[in-house]
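Following: one structure in structure tokens, then a few remarks.
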Amino acid sequence: MANTAEQPRERFTNFTPYEMKKGEEYMSADMLEHFKNLLRQWKQELMEEVDRTMHHMQEDAANYADPSDRATQEEEFSLELRTRDRERKLIKKIDQTIDRIDKDDYGFCDQCGVEIGIRRLEARPTATLCIDCKTLAEIRERQTGI
């Protein structure tokens, strides 16, 4: 049995980096549309992955007589379901981010209000913190364990 479960994709496959036009304002209508399309594409890829998992689990579900084969299959399915659960949460976060774009509340740090930056948002379109605030939050998390 091949293990088909994988970590949820944190990156999308086919996208063109946004090129700011000379004099273009940060989070212009074109830029917001770029990120909205990026998020929709990412969500579509995740949804297709969910469909593949469903088909895989339905097709590969077998009642093995050998307990070790059955245990292996159950472990594979369990891993796939955990991965899909993480993807489900990611899809929810993508939907929330699209909603933020629609409300014109995208691209600025939730803590300090500065621009998050185009390249950071292309790397992680659901980011709500600038790199400095995110770094501080991770340091605090490591120190407090929360």
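The way I read the labels, and the way they are meant: chains A, B, ... in the order of the structure tokens, residue 1 as the first residue of every chain, and ligand 1 as the first ligand shown, with later ones counted on from there.
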List every residue of range 25-96 of chain A that has an atom at most 12 Å from any atom of range 109-120 of chain A, and for each one report the closest atom pair and its distance in Å to one decimal, counting only C-alpha atoms, with rows sorted by chain and then by increasing residue number, as CSV.
residue,atom,partner,partner_atom,distance
A:Glu25,CA,A:Glu115,CA,11.4
A:Tyr26,CA,A:Glu115,CA,8.0
A:Met27,CA,A:Ile118,CA,8.7
A:Ser28,CA,A:Ile118,CA,11.5
A:Met31,CA,A:Ile118,CA,8.8
A:Leu32,CA,A:Ile118,CA,10.4
A:His34,CA,A:Ile118,CA,10.5
A:Phe35,CA,A:Ile118,CA,9.3
Mind dumping the selected residues with N, CA and C atoms as a PDB file, in the first residue's frame?
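This is the output file part-v3.pdb:
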ATOM      1  N   GLU A  25      -0.502  52.662  -5.793  1.00  0.00           N
ATOM      2  CA  GLU A  25      -0.709  52.672  -4.350  1.00  0.00           C
ATOM      3  C   GLU A  25      -0.788  51.235  -3.832  1.00  0.00           C
ATOM      4  N   TYR A  26      -0.241  51.041  -2.626  1.00  0.00           N
ATOM      5  CA  TYR A  26      -0.291  49.724  -1.981  1.00  0.00           C
ATOM      6  C   TYR A  26      -1.746  49.321  -1.786  1.00  0.00           C
ATOM      7  N   MET A  27      -2.058  48.089  -2.118  1.00  0.00           N
ATOM      8  CA  MET A  27      -3.390  47.494  -2.052  1.00  0.00           C
ATOM      9  C   MET A  27      -4.386  48.239  -2.944  1.00  0.00           C
ATOM     10  N   SER A  28      -3.933  48.525  -4.150  1.00  0.00           N
ATOM     11  CA  SER A  28      -4.807  49.108  -5.174  1.00  0.00           C
ATOM     12  C   SER A  28      -5.839  48.051  -5.583  1.00  0.00           C
ATOM     13  N   MET A  31      -4.198  45.151  -7.323  1.00  0.00           N
ATOM     14  CA  MET A  31      -3.437  44.322  -6.383  1.00  0.00           C
ATOM     15  C   MET A  31      -4.391  43.443  -5.568  1.00  0.00           C
ATOM     16  N   LEU A  32      -5.476  44.021  -5.101  1.00  0.00           N
ATOM     17  CA  LEU A  32      -6.456  43.251  -4.336  1.00  0.00           C
ATOM     18  C   LEU A  32      -7.046  42.134  -5.196  1.00  0.00           C
ATOM     19  N   HIS A  34      -5.532  40.659  -7.665  1.00  0.00           N
ATOM     20  CA  HIS A  34      -4.465  39.664  -7.802  1.00  0.00           C
ATOM     21  C   HIS A  34      -4.502  38.690  -6.616  1.00  0.00           C
ATOM     22  N   PHE A  35      -4.587  39.230  -5.404  1.00  0.00           N
ATOM     23  CA  PHE A  35      -4.591  38.372  -4.217  1.00  0.00           C
ATOM     24  C   PHE A  35      -5.880  37.567  -4.100  1.00  0.00           C
TER      25      PHE A  35
END
Please tabulate, as a tab-separated table, the residues of range 45-92 of chain A that come within 12 Å of range 124-142 of chain A, each with its closest pair of atoms and the distance in Å to one decimal, counting only C-alpha atoms and ordering rows by chain, then residue number upward.
residue	atom	partner	partner_atom	distance
A:Lys89	CA	A:Thr126	CA	11.9
A:Leu90	CA	A:Thr126	CA	8.9
A:Ile91	CA	A:Thr126	CA	10.2
A:Lys92	CA	A:Thr126	CA	10.4
- Message: Can you measure CA of Glu48 in chain A to CA of Arg88 in chain A for me? One decimal in Å is fine.
- Response: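 We find that CA of Glu48 in chain A and CA of Arg88 in chain A lie 11.9 Å from each other.
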Taken to one decimal, the CA of Glu33 in chain A-CA of Lys93 in chain A distance is 17.6 Å
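Across A:Gly145, A:Glu45, A:Asp30, A:Leu79, the tightest approach to Tyr18 in chain A is made by A:Asp30 when counting only C-alpha atoms.
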Restricting to only C-alpha atoms, whichever of A:Leu39, A:Glu87, A:Glu76, A:Asp66 is closest to Asp51 in chain A is A:Glu87
Notebook entry, point to check: Which value, in Å to one decimal, gives the distance between CA of Leu81 in chain A and CA of His56 in chain A?
Noted result: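 Calculated distance between CA of Leu81 in chain A and CA of His56 in chain A is 11.5 Å.
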- Spatial neighbours of Tyr64 in chain A, max dist 12 Å, only C-alpha atoms, sep filter under 6 positions, as a ChimeraX atom specification: /A:1,70-74
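Ranking A:Asp99, A:Glu49, A:Phe108, A:Ala29 by their shortest atom-to-atom distance to Asp85 in chain A, with only C-alpha atoms included, puts A:Glu49 first.
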